[in-house]
file structure_28.cif (mmCIF, C-alpha atoms)
data_input
#
loop_
_atom_site.group_PDB
_atom_site.id
_atom_site.type_symbol
_atom_site.label_atom_id
_atom_site.label_comp_id
_atom_site.auth_asym_id
_atom_site.auth_seq_id
_atom_site.Cartn_x
_atom_site.Cartn_y
_atom_site.Cartn_z
ATOM 1 C CA MET V 429 62.829 -13.743 6.230
ATOM 2 C CA LYS V 430 61.212 -15.658 9.085
ATOM 3 C CA ASN V 431 58.885 -12.713 9.788
ATOM 4 C CA LYS V 432 57.822 -12.629 6.134
ATOM 5 C CA VAL V 433 56.949 -16.338 6.212
ATOM 6 C CA TRP V 434 54.857 -15.892 9.386
ATOM 7 C CA PHE V 435 53.144 -12.866 7.857
ATOM 8 C CA PHE V 436 52.296 -14.821 4.691
ATOM 9 C CA LEU V 437 50.939 -17.768 6.712
ATOM 10 C CA SER V 438 48.800 -15.511 8.899
ATOM 11 C CA VAL V 439 47.304 -13.815 5.813
ATOM 12 C CA LEU V 440 46.612 -17.214 4.241
ATOM 13 C CA ILE V 441 44.963 -18.579 7.400
ATOM 14 C CA SER V 442 42.825 -15.468 7.859
ATOM 15 C CA GLY V 443 41.810 -15.698 4.187
ATOM 16 C CA LEU V 444 40.767 -19.307 4.635
ATOM 17 C CA GLY V 445 38.834 -18.351 7.751
ATOM 18 C CA PHE V 446 36.977 -15.660 5.831
ATOM 19 C CA SER V 447 36.287 -18.099 2.985
ATOM 20 C CA GLN V 448 34.686 -20.577 5.372
ATOM 21 C CA ASP V 449 32.918 -17.728 7.145
ATOM 22 C CA TYR V 450 31.023 -16.489 4.073
ATOM 23 C CA GLN V 451 30.098 -20.056 3.107
ATOM 24 C CA THR V 452 28.603 -20.554 6.573
ATOM 25 C CA LYS V 453 26.748 -17.242 6.336
ATOM 26 C CA ILE V 454 25.248 -18.181 2.947
ATOM 27 C CA ALA V 455 24.157 -21.575 4.320
ATOM 28 C CA ARG V 456 22.649 -20.098 7.501
ATOM 29 C CA THR V 457 20.826 -17.341 5.610
ATOM 30 C CA THR V 458 19.465 -19.914 3.158
ATOM 31 C CA CYS V 459 18.280 -22.197 5.972
ATOM 32 C CA GLU V 460 16.538 -19.320 7.775
ATOM 33 C CA CYS V 461 14.897 -18.100 4.560
ATOM 34 C CA PHE V 462 13.682 -21.608 3.708
ATOM 35 C CA ASN V 463 12.293 -22.181 7.213
ATOM 36 C CA LYS V 464 10.338 -18.932 6.956
ATOM 37 C CA ALA V 465 9.081 -19.753 3.450
ATOM 38 C CA LYS V 466 7.989 -23.214 4.575
ATOM 39 C CA ALA V 467 6.095 -21.777 7.550
ATOM 40 C CA GLU V 468 4.273 -19.311 5.288
ATOM 41 C CA ASN V 469 3.397 -21.848 2.579
ATOM 42 C CA PRO V 470 4.200 -25.534 3.194
ATOM 43 C CA ASP V 471 2.917 -26.581 -0.246
ATOM 44 C CA PRO V 472 5.482 -29.166 -1.454
ATOM 45 C CA LYS V 473 5.065 -28.068 -5.090
ATOM 46 C CA THR V 474 6.588 -24.655 -4.360
ATOM 47 C CA LEU V 475 9.242 -25.642 -1.800
ATOM 48 C CA GLU V 476 11.938 -26.483 -4.365
ATOM 49 C CA ILE V 477 11.498 -23.133 -6.147
ATOM 50 C CA LYS V 478 11.478 -21.299 -2.822
ATOM 51 C CA LEU V 479 14.700 -22.995 -1.737
ATOM 52 C CA GLY V 480 16.294 -21.946 -5.040
ATOM 53 C CA LEU V 481 15.258 -18.348 -4.442
ATOM 54 C CA CYS V 482 16.583 -18.516 -0.868
ATOM 55 C CA ILE V 483 19.935 -19.791 -2.146
ATOM 56 C CA ILE V 484 20.230 -16.925 -4.649
ATOM 57 C CA GLN V 485 19.253 -14.344 -2.007
ATOM 58 C CA GLY V 486 21.776 -15.776 0.456
ATOM 59 C CA ALA V 487 24.569 -15.890 -2.133
ATOM 60 C CA GLN V 488 24.075 -12.432 -3.700
ATOM 61 C CA PRO V 489 25.930 -10.455 -0.972
ATOM 62 C CA TYR V 490 28.960 -12.690 -1.602
ATOM 63 C CA ALA V 491 28.932 -12.598 -5.408
ATOM 64 C CA LYS V 492 32.496 -11.254 -5.506
ATOM 65 C CA GLU V 493 33.856 -14.050 -3.284
ATOM 66 C CA LEU V 494 31.998 -16.741 -5.269
ATOM 67 C CA LYS V 495 33.470 -15.354 -8.490
ATOM 68 C CA GLU V 496 36.994 -15.289 -7.068
ATOM 69 C CA ASP V 497 36.905 -18.668 -5.294
ATOM 70 C CA TYR V 498 34.692 -20.720 -7.639
ATOM 71 C CA ASN V 499 34.619 -18.695 -10.890
ATOM 72 C CA LEU V 500 30.843 -18.615 -10.468
ATOM 73 C CA ASP V 501 28.871 -15.552 -11.568
ATOM 74 C CA ILE V 502 25.527 -15.918 -9.787
ATOM 75 C CA LEU V 503 23.948 -13.181 -11.905
ATOM 76 C CA LYS V 504 24.869 -14.748 -15.255
ATOM 77 C CA ASP V 505 25.648 -18.438 -14.782
ATOM 78 C CA ASP V 506 23.166 -21.288 -14.576
ATOM 79 C CA SER V 507 21.498 -20.978 -11.156
ATOM 80 C CA SER V 508 21.611 -24.765 -10.687
ATOM 81 C CA GLU V 509 25.417 -24.547 -10.361
ATOM 82 C CA THR V 510 25.032 -22.111 -7.458
ATOM 83 C CA GLY V 511 22.407 -24.421 -5.968
ATOM 84 C CA LYS V 512 24.696 -27.470 -6.139
ATOM 85 C CA LEU V 513 27.541 -25.571 -4.501
ATOM 86 C CA VAL V 514 25.425 -24.117 -1.677
ATOM 87 C CA ALA V 515 23.756 -27.518 -1.118
ATOM 88 C CA THR V 516 27.130 -28.911 -0.006
ATOM 89 C CA TRP V 517 27.323 -26.149 2.622
ATOM 90 C CA LEU V 518 23.721 -26.754 3.684
ATOM 91 C CA LEU V 519 24.669 -30.333 4.555
ATOM 92 C CA LYS V 520 26.710 -28.911 7.441
ATOM 93 C CA GLU V 521 24.283 -26.217 8.593
ATOM 94 C CA CYS V 522 20.859 -27.800 8.114
ATOM 95 C CA PRO V 523 21.119 -31.322 6.628
ATOM 96 C CA GLU V 524 17.401 -31.930 7.183
ATOM 97 C CA LYS V 525 16.613 -29.201 4.619
ATOM 98 C CA VAL V 526 18.735 -30.909 1.965
ATOM 99 C CA MET V 527 16.965 -34.211 2.642
ATOM 100 C CA GLU V 528 13.630 -32.407 2.435
ATOM 101 C CA LEU V 529 14.665 -30.996 -0.944
ATOM 102 C CA PHE V 530 15.466 -34.466 -2.284
ATOM 103 C CA LYS V 531 12.070 -35.747 -1.104
ATOM 104 C CA THR V 532 10.351 -32.772 -2.758
ATOM 105 C CA GLU V 533 12.255 -33.347 -6.010
ATOM 106 C CA LYS V 534 11.262 -37.017 -5.994
ATOM 107 C CA ASN V 535 7.585 -36.169 -5.447
ATOM 108 C CA ASN V 536 7.714 -33.445 -8.095
ATOM 109 C CA LYS V 537 9.364 -35.833 -10.549
ATOM 110 C CA ILE V 538 6.449 -38.246 -10.172
ATOM 111 C CA SER V 539 3.888 -35.478 -10.746
ATOM 112 C CA LYS V 540 5.903 -34.043 -13.680
ATOM 113 C CA ASP V 541 6.105 -37.434 -15.405
ATOM 114 C CA ASP V 542 2.357 -37.877 -15.014
ATOM 115 C CA SER V 543 1.537 -34.507 -16.601
ATOM 116 C CA GLU V 544 4.433 -33.913 -18.985
ATOM 117 C CA LEU V 545 3.646 -32.280 -22.318
ATOM 118 C CA LEU V 546 5.739 -32.420 -25.491
ATOM 119 C CA ILE V 547 6.490 -29.851 -28.159
ATOM 120 C CA SER V 548 8.587 -30.060 -31.300
ATOM 121 C CA GLY V 549 9.537 -26.847 -33.061
ATOM 122 C CA THR V 550 12.087 -24.169 -33.907
ATOM 123 C CA VAL V 551 13.673 -21.817 -31.391
ATOM 124 C CA THR V 552 12.825 -18.296 -32.575
ATOM 125 C CA ARG V 553 14.191 -16.391 -29.579
ATOM 126 C CA ILE V 554 16.233 -17.015 -26.417
ATOM 127 C CA GLU V 555 15.455 -14.641 -23.568
ATOM 128 C CA LYS V 556 17.977 -14.193 -20.728
ATOM 129 C CA ASP V 557 16.539 -12.527 -17.661
ATOM 130 C CA ASN V 558 16.112 -14.164 -14.248
ATOM 131 C CA PHE V 559 15.748 -17.436 -16.152
ATOM 132 C CA VAL V 560 16.561 -18.571 -19.680
ATOM 133 C CA VAL V 561 13.334 -18.610 -21.710
ATOM 134 C CA PHE V 562 13.066 -20.395 -25.061
ATOM 135 C CA HIS V 563 10.454 -19.103 -27.522
ATOM 136 C CA VAL V 564 9.537 -22.102 -29.670
ATOM 137 C CA ALA V 565 7.389 -22.040 -32.806
ATOM 138 C CA GLY V 566 5.744 -25.466 -33.007
ATOM 139 C CA ASP V 567 4.950 -27.390 -36.175
ATOM 140 C CA ASN V 568 1.492 -25.778 -35.989
ATOM 141 C CA LYS V 569 3.244 -22.308 -35.962
ATOM 142 C CA ILE V 570 1.918 -21.543 -32.463
ATOM 143 C CA LEU V 571 4.547 -19.798 -30.302
ATOM 144 C CA THR V 572 5.217 -21.212 -26.815
ATOM 145 C CA LYS V 573 7.419 -19.754 -24.058
ATOM 146 C CA LEU V 574 9.331 -22.391 -22.109
ATOM 147 C CA TYR V 575 11.323 -21.674 -18.938
ATOM 148 C CA TRP V 576 14.621 -23.239 -17.868
ATOM 149 C CA ILE V 577 14.274 -23.207 -14.063
ATOM 150 C CA SER V 578 15.669 -26.521 -12.848
ATOM 151 C CA PRO V 579 18.106 -29.154 -14.229
ATOM 152 C CA ILE V 580 17.103 -30.417 -17.677
ATOM 153 C CA GLU V 581 17.633 -33.892 -19.113
ATOM 154 C CA SER V 582 19.364 -33.267 -22.444
ATOM 155 C CA ASN V 583 21.737 -34.678 -25.068
ATOM 156 C CA LEU V 584 23.589 -31.318 -24.968
ATOM 157 C CA ASP V 585 25.806 -29.554 -22.447
ATOM 158 C CA LEU V 586 23.112 -26.892 -22.045
ATOM 159 C CA PRO V 587 25.002 -24.341 -19.917
ATOM 160 C CA LYS V 588 27.598 -24.140 -22.705
ATOM 161 C CA GLU V 589 25.478 -24.815 -25.797
ATOM 162 C CA TYR V 590 22.002 -23.340 -25.227
ATOM 163 C CA SER V 591 22.820 -20.056 -27.036
ATOM 164 C CA SER V 592 23.581 -22.023 -30.217
ATOM 165 C CA LEU V 593 19.999 -23.375 -30.354
ATOM 166 C CA LEU V 594 18.591 -20.210 -31.936
ATOM 167 C CA ASN V 595 16.783 -21.068 -35.223
ATOM 168 C CA LYS V 596 17.312 -24.796 -34.609
ATOM 169 C CA LYS V 597 14.721 -27.533 -34.308
ATOM 170 C CA ILE V 598 14.350 -29.064 -30.838
ATOM 171 C CA ASN V 599 12.087 -31.444 -28.941
ATOM 172 C CA ILE V 600 11.038 -30.327 -25.456
ATOM 173 C CA GLY V 601 9.234 -32.086 -22.635
ATOM 174 C CA TYR V 602 7.639 -29.671 -20.171
ATOM 175 C CA TYR V 603 5.030 -29.246 -17.460
ATOM 176 C CA THR V 604 3.033 -26.287 -16.208
ATOM 177 C CA ASP V 605 3.596 -24.989 -12.693
ATOM 178 C CA GLU V 606 3.517 -21.755 -10.700
ATOM 179 C CA ILE V 607 6.543 -19.610 -9.862
ATOM 180 C CA PHE V 608 6.705 -16.506 -7.717
ATOM 181 C CA ASP V 609 7.313 -13.443 -9.897
ATOM 182 C CA VAL V 610 8.900 -10.574 -7.970
ATOM 183 C CA LYS V 611 7.885 -8.085 -10.683
ATOM 184 C CA ILE V 612 4.177 -8.638 -10.075
ATOM 185 C CA ASN V 613 4.597 -9.802 -6.439
ATOM 186 C CA ASP V 614 2.460 -12.858 -7.104
ATOM 187 C CA TYR V 615 2.529 -16.382 -8.506
ATOM 188 C CA ARG V 616 2.085 -17.016 -12.219
ATOM 189 C CA LYS V 617 1.862 -20.148 -14.337
ATOM 190 C CA VAL V 618 4.754 -20.957 -16.649
ATOM 191 C CA ASN V 619 5.865 -23.856 -18.844
ATOM 192 C CA ILE V 620 8.918 -25.436 -17.150
ATOM 193 C CA ILE V 621 11.302 -27.497 -19.270
ATOM 194 C CA SER V 622 12.153 -30.994 -18.024
ATOM 195 C CA THR V 623 13.793 -32.459 -21.166
ATOM 196 C CA LEU V 624 15.371 -30.865 -24.215
ATOM 197 C CA LYS V 625 16.722 -32.892 -27.139
ATOM 198 C CA THR V 626 17.978 -32.115 -30.628
ATOM 199 C CA ASP V 627 17.401 -34.440 -33.601
#
call {"tool": "encode", "arguments": {"input": "structure_28.cif", "output": "structure tokens"}}
result
Amino acid sequence: MKNKVWFFLSVLISGLGFSQDYQTKIARTTCECFNKAKAENPDPKTLEIKLGLCIIQGAQPYAKELKEDYNLDILKDDSSETGKLVATWLLKECPEKVMELFKTEKNNKISKDDSELLISGTVTRIEKDNFVVFHVAGDNKILTKLYWISPIESNLDLPKEYSSLLNKKINIGYYTDEIFDVKINDYRKVNIISTLKTD
């Protein structure tokens, strides 16, 4: 009986060690990726997006562990949830990068508020690929594609409710910015959602 207890404890401790080990690896990989991205292009407008991509790249090899330990599917769930989780690990590995992210977000928020556009219309299609993309037909019947890339201010619980918005009228605040598209291996301009409200 005593041997069984020791065996169980050793398995539990080794499991916890592995859990911490993959978290550290994700954080270190993310920090290295972000450092490299910053050296290649220090433009503050793209740093937040690049950090998000680095987080996803660092987390992908450990998708199974993240699903088991946090019930987080990095291929299907809202990428901001993965970002929040990994950010807590980054605080241990490279806290200066997290602080840099907050500064970038603050600066971006100022520029977004200055150039924010508004659209009111009906959601005609919801695309789910690397990002969620809302196709909205405005009151003038012109179709606009709007990308959900970062956290959105909303009166809904978007991660749970966004699928129910099909054929519903919504009001969206957005701004135009560039994202790196792996498919074309270049940057392209997209409409990024900052606020989404229902009537």
call {"tool": "residues_around", "arguments": {"input": "structure_28.cif", "residues": "V:Thr458", "least_positions_apart": "3", "cutoff": "12 Å", "atoms": "all atoms listed in the file", "output": "JSON, numbers by chain"}}
result
{"V": [451, 452, 453, 454, 455, 461, 462, 463, 464, 465, 478, 479, 480, 481, 482, 483, 484, 485, 486, 487, 488, 511, 514, 515, 517, 518, 519, 521, 522, 525, 526]}
call {"tool": "closest_residue", "arguments": {"input": "structure_28.cif", "among": "V:Ile620, V:Leu513, V:Leu586, V:Val564", "to": "V:Asn499", "atoms": "all atoms listed in the file"}}
result
V:Leu513
call {"tool": "atom_distance", "arguments": {"input": "structure_28.cif", "atom1": "atom CA of V:Asn558", "atom2": "atom CA of V:Asp609"}}
result
9.8 Å
call {"tool": "atom_distance", "arguments": {"input": "structure_28.cif", "atom1": "atom CA of V:Asp627", "atom2": "atom CA of V:Asp585"}}
result
14.8 Å
call {"tool": "atom_distance", "arguments": {"input": "structure_28.cif", "atom1": "atom CA of V:Leu593", "atom2": "atom CA of V:Lys625"}}
result
10.6 Å
call {"tool": "closest_residue", "arguments": {"input": "structure_28.cif", "among": "V:Leu545, V:Leu475, V:Val561, V:Leu494", "to": "V:Leu574", "atoms": "all atoms listed in the file"}}
result
V:Val561
call {"tool": "residues_near_point", "arguments": {"input": "structure_28.cif", "point": "(11.2, -32.2, -26.5)", "cutoff": "6 Å", "atoms": "only C-alpha atoms", "output": "ChimeraX atom specification"}}
result
/V:546-548,599-601,623-625
call {"tool": "write_last_selection", "arguments": {"input": "structure_28.cif", "atoms": "C-alpha atoms", "output": "short mmCIF file (atom, residue, chain, number, x, y, z; two decimals), in the coordinates of the input"}}
result
data_model
loop_
_atom_site.label_atom_id
_atom_site.label_comp_id
_atom_site.auth_asym_id
_atom_site.auth_seq_id
_atom_site.Cartn_x
_atom_site.Cartn_y
_atom_site.Cartn_z
CA LEU V 546 5.74 -32.42 -25.49
CA ILE V 547 6.49 -29.85 -28.16
CA SER V 548 8.59 -30.06 -31.30
CA ASN V 599 12.09 -31.44 -28.94
CA ILE V 600 11.04 -30.33 -25.46
CA GLY V 601 9.23 -32.09 -22.64
CA THR V 623 13.79 -32.46 -21.17
CA LEU V 624 15.37 -30.86 -24.22
CA LYS V 625 16.72 -32.89 -27.14
#
call {"tool": "closest_residue", "arguments": {"input": "structure_28.cif", "among": "V:Lys495, V:Leu500, V:Arg456, V:Phe559", "to": "V:Ile607", "atoms": "only C-alpha atoms"}}
result
V:Phe559
call {"tool": "axis_aligned_box", "arguments": {"input": "structure_28.cif", "around": "stretch 458-473 of chain V", "padding_each_side": "6 Å", "output": "lines of an AutoDock Vina configuration file"}}
result
center_x = 11.2
center_y = -23.6
center_z = 1.3
size_x = 28.5
size_y = 23.1
size_z = 24.9
call {"tool": "closest_residue", "arguments": {"input": "structure_28.cif", "among": "V:Glu524, V:Glu555, V:Glu476, V:Glu460", "to": "V:Tyr575", "atoms": "all atoms listed in the file"}}
result
V:Glu555
call {"tool": "closest_residue", "arguments": {"input": "structure_28.cif", "among": "V:Ile580, V:Ile570, V:Val610, V:Leu594", "to": "V:Ser622", "atoms": "only C-alpha atoms"}}
result
V:Ile580
call {"tool": "resolve_selection", "arguments": {"input": "structure_28.cif", "expression": "the PyMOL selection byres ((chain V and resi 596) around 9)", "output": "ChimeraX atom specification"}}
result
/V:549-552,592-595,597-598,626
